[in-house]
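*Asks:* One structure, pasted below without further comment.
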Amino acid sequence: MLTDTISPALSRLQAGTTKVEFIYKPYTTWPYPRDTPHFTTSSESPTATSSSPFRIAVLDSSFNPPTLAHRALALLPAAASSSEARLLLLSVRNADKIPRTGDASSEQRIQMMVRLAREVDAAVGLIDAPAFVHKAQRLRTALPAQAQLAFVQGIDTLERFFASRYYGDGSPEAMHAALRRFFTPDGDDARVICARRSIKLSGSQEESMALVAAQGWVQAGRITIVDIDKELQTFSSSEVRAKVRAKDDSWRLMVPKDIEEYIEEQSLYLDLTSVTSCCELVESQSR
């Protein structure tokens with residue numbers, strides 16, 4: 001049962017005994033793409049035989065809750081060919097988003113992620129790492145050597161990706177050193193697929209400023225800027241939560257049907273007094 005898998009995985013991450021946990025896999029040979037040749041023995045699960053490089057599209061988010069925009073991002077191609085797999089990733093230590101009372105718990109978010117994963121043919125993973133550069137390093141140790149990571153994100157996340165405060169001593173030099181390791185083939189060999197979003201960025205920043213900072217890596221082919229449906233660009237999890245609390249039923253048009261049903265089943269985002277396990281997890285790590 002899925003609930004029997006989630007709680008022990010969260011406990012291991014909280015205790016620091018593991019750094020990455022895969023909660024759900026859409027097919028037996030994941031993370032290899034579905035079209036990868038494999039063999040099966042009587043005593044073993046199917047095992048991939050190809051040593052060719054392949055991409056894994058990683059959608060890292062708080063999934064609080066997953067929206068139709070998340071689904072559109074998850075379905076963005078990570079490679080020109082069909083040789084790719086997908087991963088929905090939840091960090092128990094987000095560098096920016098501290099859980100608040102009234103949010104969905106870690107377990108509830110994971111349950112919603114699995115519902116979305118079944119729709120987009122993705123795996124679900126948990127990771128103990130605050131920033132993308134750390135996530136790339138830890139995922140590479142948990143995945144086959146030939147896997148190439150492509151992190152899918154919105155332009156608002158790209159803005160934070162190029163903010164030096166998230167790197168080392170907070171200096172531009174520390175950021176550039178970390179990004180070189182993240183992007184270059186002799187480092188983590190990762191890529192970013194960035195979708196434009198019709199939302200206001202933090203402070204006085206504009207979308208163009210994030211793009212200027214990213215330009216060198218765009219030209220190097222390490223960052224790809226793409227578009228999703230203009231209406232979906234406006235969808236955000238925070239707006240869904242606000243609409244649920246305000247009893248504005250238009251939130252139902254912003255999430256996949258399975259997520260709508262789960263939010264109703266669990267009465268999510270209505271009780272502002274509950275303290276979630278996700279909050280407790282972050283607080284315990286900050287002590």
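Residue names in the structure tokens use chain letters A, B, ... in the order shown, residue numbers from 1 in each chain, and ligand numbers from 1 in the order shown.
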Please list as an MDAnalysis selection string every residue within 9 Å of range 163-175 of chain A, counting only C-alpha atoms and excluding residues in the same chain fewer than 2 positions away.
*Replies:* chainID A and resid 95 130:131 133 158:161 177:180
*Asks:* Mind writing the picked residues with N, CA and C atoms as a PDB file, in the first residue's frame?
*Replies:*
ATOM      1  N   ALA A  95      14.655  25.549  -0.457  1.00  0.00           N
ATOM      2  CA  ALA A  95      15.478  26.702  -0.098  1.00  0.00           C
ATOM      3  C   ALA A  95      14.656  27.949   0.130  1.00  0.00           C
ATOM      4  N   PRO A 130      18.300  21.388  -0.675  1.00  0.00           N
ATOM      5  CA  PRO A 130      17.572  22.653  -0.765  1.00  0.00           C
ATOM      6  C   PRO A 130      17.574  23.313  -2.135  1.00  0.00           C
ATOM      7  N   ALA A 131      18.610  23.132  -2.930  1.00  0.00           N
ATOM      8  CA  ALA A 131      18.755  23.885  -4.180  1.00  0.00           C
ATOM      9  C   ALA A 131      19.004  22.928  -5.342  1.00  0.00           C
ATOM     10  N   VAL A 133      21.312  22.735  -7.581  1.00  0.00           N
ATOM     11  CA  VAL A 133      22.670  22.205  -7.750  1.00  0.00           C
ATOM     12  C   VAL A 133      22.915  21.030  -6.798  1.00  0.00           C
ATOM     13  N   LEU A 158      13.437  30.155 -12.376  1.00  0.00           N
ATOM     14  CA  LEU A 158      14.705  30.516 -13.010  1.00  0.00           C
ATOM     15  C   LEU A 158      15.276  31.781 -12.381  1.00  0.00           C
ATOM     16  N   GLU A 159      14.406  32.695 -11.987  1.00  0.00           N
ATOM     17  CA  GLU A 159      14.859  33.909 -11.311  1.00  0.00           C
ATOM     18  C   GLU A 159      15.625  33.558 -10.040  1.00  0.00           C
ATOM     19  N   ARG A 160      15.081  32.635  -9.247  1.00  0.00           N
ATOM     20  CA  ARG A 160      15.757  32.224  -8.018  1.00  0.00           C
ATOM     21  C   ARG A 160      17.010  31.410  -8.322  1.00  0.00           C
ATOM     22  N   PHE A 161      16.972  30.657  -9.417  1.00  0.00           N
ATOM     23  CA  PHE A 161      18.110  29.839  -9.823  1.00  0.00           C
ATOM     24  C   PHE A 161      19.354  30.697 -10.040  1.00  0.00           C
ATOM     25  N   ALA A 177      30.518  29.282  -9.839  1.00  0.00           N
ATOM     26  CA  ALA A 177      31.241  28.018  -9.682  1.00  0.00           C
ATOM     27  C   ALA A 177      30.262  26.854  -9.566  1.00  0.00           C
ATOM     28  N   ALA A 178      29.190  27.045  -8.793  1.00  0.00           N
ATOM     29  CA  ALA A 178      28.194  25.990  -8.631  1.00  0.00           C
ATOM     30  C   ALA A 178      27.463  25.713  -9.941  1.00  0.00           C
ATOM     31  N   LEU A 179      27.150  26.765 -10.691  1.00  0.00           N
ATOM     32  CA  LEU A 179      26.443  26.588 -11.963  1.00  0.00           C
ATOM     33  C   LEU A 179      27.320  25.914 -13.005  1.00  0.00           C
ATOM     34  N   ARG A 180      28.615  26.198 -12.974  1.00  0.00           N
ATOM     35  CA  ARG A 180      29.524  25.517 -13.906  1.00  0.00           C
ATOM     36  C   ARG A 180      29.512  24.022 -13.643  1.00  0.00           C
TER      37      ARG A 180
END
*Asks:* Could you pull the residues within 12 Å of Ser250 in chain A, counting only C-alpha atoms, minus those fewer than 4 positions along the same chain, as a PyMOL selection string?
*Replies:* chain A and resi 235+239-246+254-255+260
*Asks:* So how far away is CA of Leu76 in chain A from CA of Ile127 in chain A, in Å?
*Replies:*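 Distance reported for this atom pair: 21.9 Å.
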*Asks:* How many Å separate CA of Phe132 in chain A from CA of Phe182 in chain A?
*Replies:*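 Answer for the CA of Phe132 in chain A to CA of Phe182 in chain A separation: 8.4 Å.
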*Asks:* Near range 61-65 of chain A, counting only C-alpha atoms, which residues have an atom at most 9 Å away, once you skip same-chain residues fewer than 2 positions from it, shown as a list in words?
*Replies:*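 The filter keeps Leu59, Thr67, His70, Leu88, Leu89, Leu90, Ser91, Asn94, Lys97, Asp103, Ala104, Ser105, Gln108, Arg109, Ile110, Met112, Met113, Gln153, Ser236, Ser237, Ser238, Val240, Arg241, Val255, Ile259 and Ile263 of chain A.
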*Asks:* For the selection you just gave me, I'd like the residues written to a file as a tab-separated table (two decimals), in the first residue's frame, keeping N, CA and C atoms.
*Replies:*
chain	number	residue	atom	x	y	z
A	59	LEU	N	10.65	17.41	-12.73
A	59	LEU	CA	9.82	18.54	-12.31
A	59	LEU	C	9.85	18.60	-10.79
A	67	THR	N	-1.21	21.47	-10.14
A	67	THR	CA	-2.18	22.15	-10.99
A	67	THR	C	-2.06	21.65	-12.43
A	70	HIS	N	1.34	22.35	-13.66
A	70	HIS	CA	2.29	21.28	-13.34
A	70	HIS	C	2.22	20.17	-14.38
A	88	LEU	N	8.70	13.35	-10.94
A	88	LEU	CA	8.16	14.42	-10.11
A	88	LEU	C	8.90	14.37	-8.79
A	89	LEU	N	9.47	15.50	-8.38
A	89	LEU	CA	10.38	15.51	-7.23
A	89	LEU	C	9.90	16.51	-6.17
A	90	LEU	N	9.88	16.04	-4.92
A	90	LEU	CA	9.53	16.89	-3.78
A	90	LEU	C	10.71	16.96	-2.83
A	91	SER	N	11.15	18.16	-2.51
A	91	SER	CA	12.24	18.34	-1.57
A	91	SER	C	11.70	18.57	-0.17
A	94	ASN	N	13.12	22.76	1.06
A	94	ASN	CA	13.07	23.75	-0.01
A	94	ASN	C	13.82	24.99	0.43
A	97	LYS	N	10.61	27.96	0.12
A	97	LYS	CA	9.21	27.84	0.50
A	97	LYS	C	9.08	27.08	1.82
A	103	ASP	N	-1.37	24.14	5.02
A	103	ASP	CA	-0.89	23.50	3.81
A	103	ASP	C	-1.17	21.99	3.87
A	104	ALA	N	-1.12	21.36	2.71
A	104	ALA	CA	-1.20	19.90	2.69
A	104	ALA	C	0.05	19.33	3.35
A	105	SER	N	-0.11	18.21	4.05
A	105	SER	CA	1.04	17.57	4.68
A	105	SER	C	1.94	16.94	3.63
A	108	GLN	N	0.17	14.00	2.12
A	108	GLN	CA	-0.90	14.38	1.20
A	108	GLN	C	-0.34	14.89	-0.13
A	109	ARG	N	0.73	15.63	-0.07
A	109	ARG	CA	1.34	16.10	-1.32
A	109	ARG	C	1.85	14.92	-2.15
A	110	ILE	N	2.45	13.97	-1.49
A	110	ILE	CA	2.98	12.81	-2.21
A	110	ILE	C	1.83	12.02	-2.83
A	112	MET	N	-0.95	13.23	-3.87
A	112	MET	CA	-1.38	13.99	-5.05
A	112	MET	C	-0.36	13.86	-6.18
A	113	MET	N	0.92	13.85	-5.84
A	113	MET	CA	1.96	13.66	-6.86
A	113	MET	C	1.80	12.33	-7.57
A	153	GLN	N	11.24	23.87	-15.13
A	153	GLN	CA	10.84	24.89	-14.16
A	153	GLN	C	10.18	26.08	-14.87
A	236	SER	N	-1.47	28.96	-10.52
A	236	SER	CA	-0.50	28.75	-9.45
A	236	SER	C	-1.17	28.00	-8.31
A	237	SER	N	-0.37	27.26	-7.56
A	237	SER	CA	-0.89	26.51	-6.42
A	237	SER	C	-1.44	27.44	-5.35
A	238	SER	N	-0.76	28.56	-5.14
A	238	SER	CA	-1.22	29.50	-4.11
A	238	SER	C	-2.61	30.04	-4.44
A	240	VAL	N	-4.91	28.42	-6.17
A	240	VAL	CA	-5.84	27.32	-5.91
A	240	VAL	C	-6.19	27.27	-4.42
A	241	ARG	N	-5.16	27.35	-3.56
A	241	ARG	CA	-5.42	27.30	-2.12
A	241	ARG	C	-6.32	28.45	-1.68
A	255	VAL	N	-7.01	22.47	-11.70
A	255	VAL	CA	-6.30	21.25	-11.28
A	255	VAL	C	-6.83	20.05	-12.06
A	259	ILE	N	-6.86	15.32	-8.85
A	259	ILE	CA	-6.43	16.21	-7.76
A	259	ILE	C	-7.64	16.91	-7.15
A	263	ILE	N	-8.53	16.68	-3.16
A	263	ILE	CA	-8.69	17.87	-2.32
A	263	ILE	C	-10.03	17.82	-1.59
*Asks:* Go through A:Pro8, A:Phe151, A:Gly102, A:Leu2 one by one, measure the shortest atom-to-atom distance of each to Ser267 in chain A using only C-alpha atoms, and give the residue with the smallest value.
*Replies:*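 Of the candidates, the smallest distance to Ser267 in chain A is held by A:Gly102.
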*Asks:* Can you list, as a list in words, every protein, DNA or RNA residue that comes within 10 Å of Ala220 in chain A when you count only C-alpha atoms, leaving out same-chain residues fewer than 4 positions away?
*Replies:*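 Residues near the query, excluding close chain neighbours: Phe183, Thr184, Gln215, Gly216 and Thr224 of chain A.
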*Asks:* Could you turn the residues from that selection into a file that holds all heavy atoms, as a PDB file, in the first residue's frame?
*Replies:*
ATOM      1  N   PHE A 183      26.071  22.555 -14.924  1.00  0.00           N
ATOM      2  CA  PHE A 183      25.793  22.507 -16.355  1.00  0.00           C
ATOM      3  C   PHE A 183      26.829  21.750 -17.182  1.00  0.00           C
ATOM      4  O   PHE A 183      26.474  21.142 -18.200  1.00  0.00           O
ATOM      5  CB  PHE A 183      25.679  23.927 -16.916  1.00  0.00           C
ATOM      6  CG  PHE A 183      24.370  24.611 -16.626  1.00  0.00           C
ATOM      7  CD1 PHE A 183      24.331  25.805 -15.918  1.00  0.00           C
ATOM      8  CD2 PHE A 183      23.167  24.076 -17.075  1.00  0.00           C
ATOM      9  CE1 PHE A 183      23.124  26.445 -15.663  1.00  0.00           C
ATOM     10  CE2 PHE A 183      21.958  24.704 -16.828  1.00  0.00           C
ATOM     11  CZ  PHE A 183      21.937  25.897 -16.118  1.00  0.00           C
ATOM     12  N   THR A 184      28.083  21.795 -16.816  1.00  0.00           N
ATOM     13  CA  THR A 184      29.114  21.319 -17.732  1.00  0.00           C
ATOM     14  C   THR A 184      29.180  19.794 -17.793  1.00  0.00           C
ATOM     15  O   THR A 184      28.896  19.103 -16.809  1.00  0.00           O
ATOM     16  CB  THR A 184      30.500  21.863 -17.331  1.00  0.00           C
ATOM     17  OG1 THR A 184      30.763  21.494 -15.966  1.00  0.00           O
ATOM     18  CG2 THR A 184      30.552  23.374 -17.469  1.00  0.00           C
ATOM     19  N   GLN A 215      21.424  34.054 -20.142  1.00  0.00           N
ATOM     20  CA  GLN A 215      21.685  34.088 -21.573  1.00  0.00           C
ATOM     21  C   GLN A 215      22.882  33.243 -22.001  1.00  0.00           C
ATOM     22  O   GLN A 215      22.842  32.560 -23.024  1.00  0.00           O
ATOM     23  CB  GLN A 215      21.884  35.533 -22.038  1.00  0.00           C
ATOM     24  CG  GLN A 215      21.775  35.722 -23.542  1.00  0.00           C
ATOM     25  CD  GLN A 215      20.446  35.237 -24.090  1.00  0.00           C
ATOM     26  OE1 GLN A 215      19.397  35.477 -23.531  1.00  0.00           O
ATOM     27  NE2 GLN A 215      20.493  34.515 -25.207  1.00  0.00           N
ATOM     28  N   GLY A 216      23.957  33.287 -21.236  1.00  0.00           N
ATOM     29  CA  GLY A 216      25.141  32.522 -21.608  1.00  0.00           C
ATOM     30  C   GLY A 216      24.867  31.033 -21.683  1.00  0.00           C
ATOM     31  O   GLY A 216      25.318  30.343 -22.610  1.00  0.00           O
ATOM     32  N   THR A 224      16.817  25.855 -22.148  1.00  0.00           N
ATOM     33  CA  THR A 224      15.879  26.014 -23.250  1.00  0.00           C
ATOM     34  C   THR A 224      14.634  26.730 -22.729  1.00  0.00           C
ATOM     35  O   THR A 224      14.055  26.318 -21.715  1.00  0.00           O
ATOM     36  CB  THR A 224      15.469  24.648 -23.828  1.00  0.00           C
ATOM     37  OG1 THR A 224      16.643  23.949 -24.242  1.00  0.00           O
ATOM     38  CG2 THR A 224      14.529  24.818 -25.012  1.00  0.00           C
TER      39      THR A 224
END
*Asks:* Using only C-alpha atoms, can you tell me which of A:Ala214, A:Val124, A:Leu73, A:Ile193 comes closest to Leu232 in chain A?
*Replies:* A:Leu73
*Asks:* Could you name the residues that touch Gly154 in chain A at 8 Å or less, counting only C-alpha atoms, but leaving out those on the same chain fewer than 4 positions away, as number ranges by chain?
*Replies:* A: 158, 194-197
*Asks:* In Å, with one decimal, what is the gap from CA of Leu270 in chain A to CA of Val120 in chain A?
*Replies:* 27.9 Å
*Asks:* Nearest to Lys19 in chain A among A:Leu116, A:Leu126, A:Val58, A:Ala74, with distances taken over only C-alpha atoms: which residue is it?
*Replies:*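 Ranked by minimum distance to Lys19 in chain A, first place goes to A:Leu126.
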*Asks:* Please provide the set of residues having any atom within 6 Å of Pro26 in chain A, restricted to only C-alpha atoms, with same-chain residues fewer than 5 positions apart removed, written as a PyMOL selection string.
*Replies:* chain A and resi 121-123
*Asks:* Please return, as number ranges by chain, all residues of range 28-204 of chain A that DSSP assigns to alpha helix (DSSP H) on the basis of the backbone.
*Replies:* A: 68-74, 106-120, 132-142, 155-161, 172-183
*Asks:* Using only C-alpha atoms for the distances, tell me which of A:Val192, A:Ser7, A:Ala129, A:Ala142 is nearest to Ala78 in chain A.
*Replies:*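 Answer, going by the shortest atom-to-atom distance: A:Val192.
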*Asks:* Counting only C-alpha atoms, which residue out of A:Ala117, A:Asp186, A:Ile23, A:Thr157 sits closest to Asp4 in chain A?
*Replies:*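 Checking each of A:Ala117, A:Asp186, A:Ile23, A:Thr157 against Asp4 in chain A, counting only C-alpha atoms, the winner is A:Ile23.
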*Asks:* Hey, which of A:Ser11, A:Arg55, A:Leu68, A:Leu75 ends up closest to Arg252 in chain A? Count only C-alpha atoms.
*Replies:*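 Ranking A:Ser11, A:Arg55, A:Leu68, A:Leu75 by distance to Arg252 in chain A, first place goes to A:Leu68.
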